[in-house]
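Contents: one structure, followed by commentary.
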Amino acid sequence: MAASPTKMPVAIARILCATDFSPSADHALSWALVLARQCKAKVFLLHVLEAVSSAASTDFSPGTTEPDRRQVEKLFRTLENSGVLKSVDHSILIRRGAFCDVLEDVVGAHEIDLVVIGTHGHTGFKKVFLGSAAERVCRRAPCPVMTIGPHVTVPSSGMRFTRILYATDFLTGSLKIAPLALSLADQAHGTVTLLHVVEEGVTAADPRSAPDGVSRKLTDLLPAGSGVHITPHVLAPFGPPAETILRVADGEQSDLIVMGMRAARGGALTTHMPKGSRSEEHTSE
């Protein structure tokens with residue numbers, strides 16, 4: 001069955017960046033700000049304090065004397081005084097509770113369009129999220145999630161996401177995130193590479209691997225009508241999915257990888273910046 005054309009545009013007006021003030025979180029914030037400036041979006045900076053009791057309040061009270069709250073306040077003031085948030089509309093949120101529960105509540109309460117979170121990525125591309133907060137966020141978040149890996153370099157001044165790689169297996173998760181990938185490319189008048197990796201075990205004689213058929217399904221995802229500023233590139237190579245996606249991202253000099261994760265409620269947006277200027281990341285629906 002042919003894929004349905006993607007409906008556009010998808011606006012990103014509210015971005016939530018979760019931070020624990022670690023280097024990976026600071027790194028994620030720098031890229032969240034790139035996207036915020038490109039989309040003219042508001043950024044919500046969230047820090048979640050560890051729950052101390054079931055009765056603990058999830059609201060930040062300015063008059064509190066708890067040392068951990070005072071320290072978080074100080075760190076946020078330092079961040080604001082540094083100037084990195086200059087020209088970006090933003091709000092500071094401090095909450096207490098279980099991280100993923102708080103994040104879900106904040107996403108709903110503030111109608112967040114995209115969550116940005118950093119990852120340590122010690123286990124490599126295939127297992128980068130296993131056992132991590134990033135994986136739990138990706139699988140539970142009711143909106144797309146952007147993950148920033150440890151090898152992504154600091155963005156340059158005026159950086160924009162103009163070269164986007166959209167990888168799909170044609171299942172619901174990846175198809176749900178297609179509008180966001182194409183909208184970002186359209187907004188930047190950029191290029192989008194539509195990629196389907198034909199997995200190992202599927203032979204060249206298998207109808208699922210027919211290049212014309214796969215390419216046609218990818219092309220069918222493109223939005224119809226005038227006023228769409230996208231330069232598309234369609235690829236359907238054979239190979240192991242993770243390694244092939246990374247190889248294509250390197251070859252295409254992609255600024256961003258967009259893909260879906262199975263068995264989750266929300267879409268997911270992930271960054272991958274090729275060697276020297278990019279990262280090993282992947283995300284979820």
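The chains in the structure tokens are called A, B, ... from first to last as shown; in each chain the residues are counted from 1, and the ligands are counted from 1 in the order shown.
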
### Query
Using only C-alpha atoms, which residues sit within 7 Å of range 112-115 of chain A once same-chain residues fewer than 6 positions away are excluded, as a PyMOL selection string?
chain A and resi 12-17+143-146

### Task
Would you work out the distance separating CA of Ala167 in chain A from CA of His27 in chain A, expressed in Å to one decimal?
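About the pair CA of Ala167 in chain A and CA of His27 in chain A: they are 24.0 Å apart.
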
### Nearest to Ala242 in chain A, chosen from A:Cys39, A:Val72, A:Met259, A:Leu46, with only C-alpha atoms counted in the distances
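Distance minimum relative to Ala242 in chain A lands on A:Met259.
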
### Query
Which of range 68-161 of chain A counts as strand (DSSP E or B) under DSSP, as a PyMOL selection string please?
chain A and resi 90-96+114-118+145-148

Emit the selected residues as a compact mmCIF listing (two decimals), in the first residue's frame, including N, CA, C and O atoms.
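And here is the file that came out, part25.txt:
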# COMPACT_ATOMS: atom_id res chain seq x y z
N HIS A 90 12.35 32.53 27.12
CA HIS A 90 12.54 31.33 27.92
C HIS A 90 11.89 31.46 29.29
O HIS A 90 11.63 32.56 29.77
N SER A 91 11.65 30.32 29.90
CA SER A 91 11.13 30.23 31.26
C SER A 91 11.91 29.17 32.02
O SER A 91 12.34 28.17 31.43
N ILE A 92 12.08 29.40 33.31
CA ILE A 92 12.79 28.46 34.18
C ILE A 92 11.77 27.67 34.99
O ILE A 92 10.86 28.24 35.60
N LEU A 93 11.93 26.36 35.00
CA LEU A 93 11.03 25.48 35.75
C LEU A 93 11.85 24.60 36.68
O LEU A 93 12.80 23.93 36.24
N ILE A 94 11.51 24.60 37.97
CA ILE A 94 12.14 23.70 38.94
C ILE A 94 11.03 22.89 39.58
O ILE A 94 10.09 23.45 40.15
N ARG A 95 11.12 21.58 39.47
CA ARG A 95 10.09 20.70 40.00
C ARG A 95 10.73 19.59 40.81
O ARG A 95 11.92 19.29 40.66
N ARG A 96 9.93 18.98 41.67
CA ARG A 96 10.40 17.85 42.46
C ARG A 96 9.54 16.63 42.15
O ARG A 96 8.32 16.73 42.03
N LEU A 114 8.33 19.90 21.60
CA LEU A 114 9.54 19.12 21.44
C LEU A 114 10.33 19.12 22.73
O LEU A 114 10.48 20.15 23.38
N VAL A 115 10.83 17.93 23.13
CA VAL A 115 11.71 17.80 24.29
C VAL A 115 13.13 17.61 23.78
O VAL A 115 13.36 16.84 22.84
N VAL A 116 14.09 18.30 24.39
CA VAL A 116 15.51 18.14 24.05
C VAL A 116 16.25 17.65 25.29
O VAL A 116 16.09 18.20 26.38
N ILE A 117 17.04 16.60 25.12
CA ILE A 117 17.77 16.02 26.25
C ILE A 117 19.11 15.50 25.76
O ILE A 117 19.24 15.04 24.63
N GLY A 118 20.13 15.60 26.62
CA GLY A 118 21.46 15.11 26.27
C GLY A 118 21.62 13.66 26.68
O GLY A 118 20.95 13.18 27.59
N VAL A 145 10.99 13.88 20.68
CA VAL A 145 12.15 14.06 21.56
C VAL A 145 13.40 14.18 20.70
O VAL A 145 13.62 13.37 19.80
N MET A 146 14.22 15.18 20.98
CA MET A 146 15.50 15.32 20.31
C MET A 146 16.59 14.94 21.31
O MET A 146 16.63 15.48 22.41
N THR A 147 17.46 14.02 20.92
CA THR A 147 18.57 13.66 21.79
C THR A 147 19.86 14.16 21.18
O THR A 147 20.07 14.07 19.97
N ILE A 148 20.74 14.69 22.03
CA ILE A 148 22.02 15.21 21.58
C ILE A 148 23.12 14.35 22.18
O ILE A 148 23.23 14.23 23.40
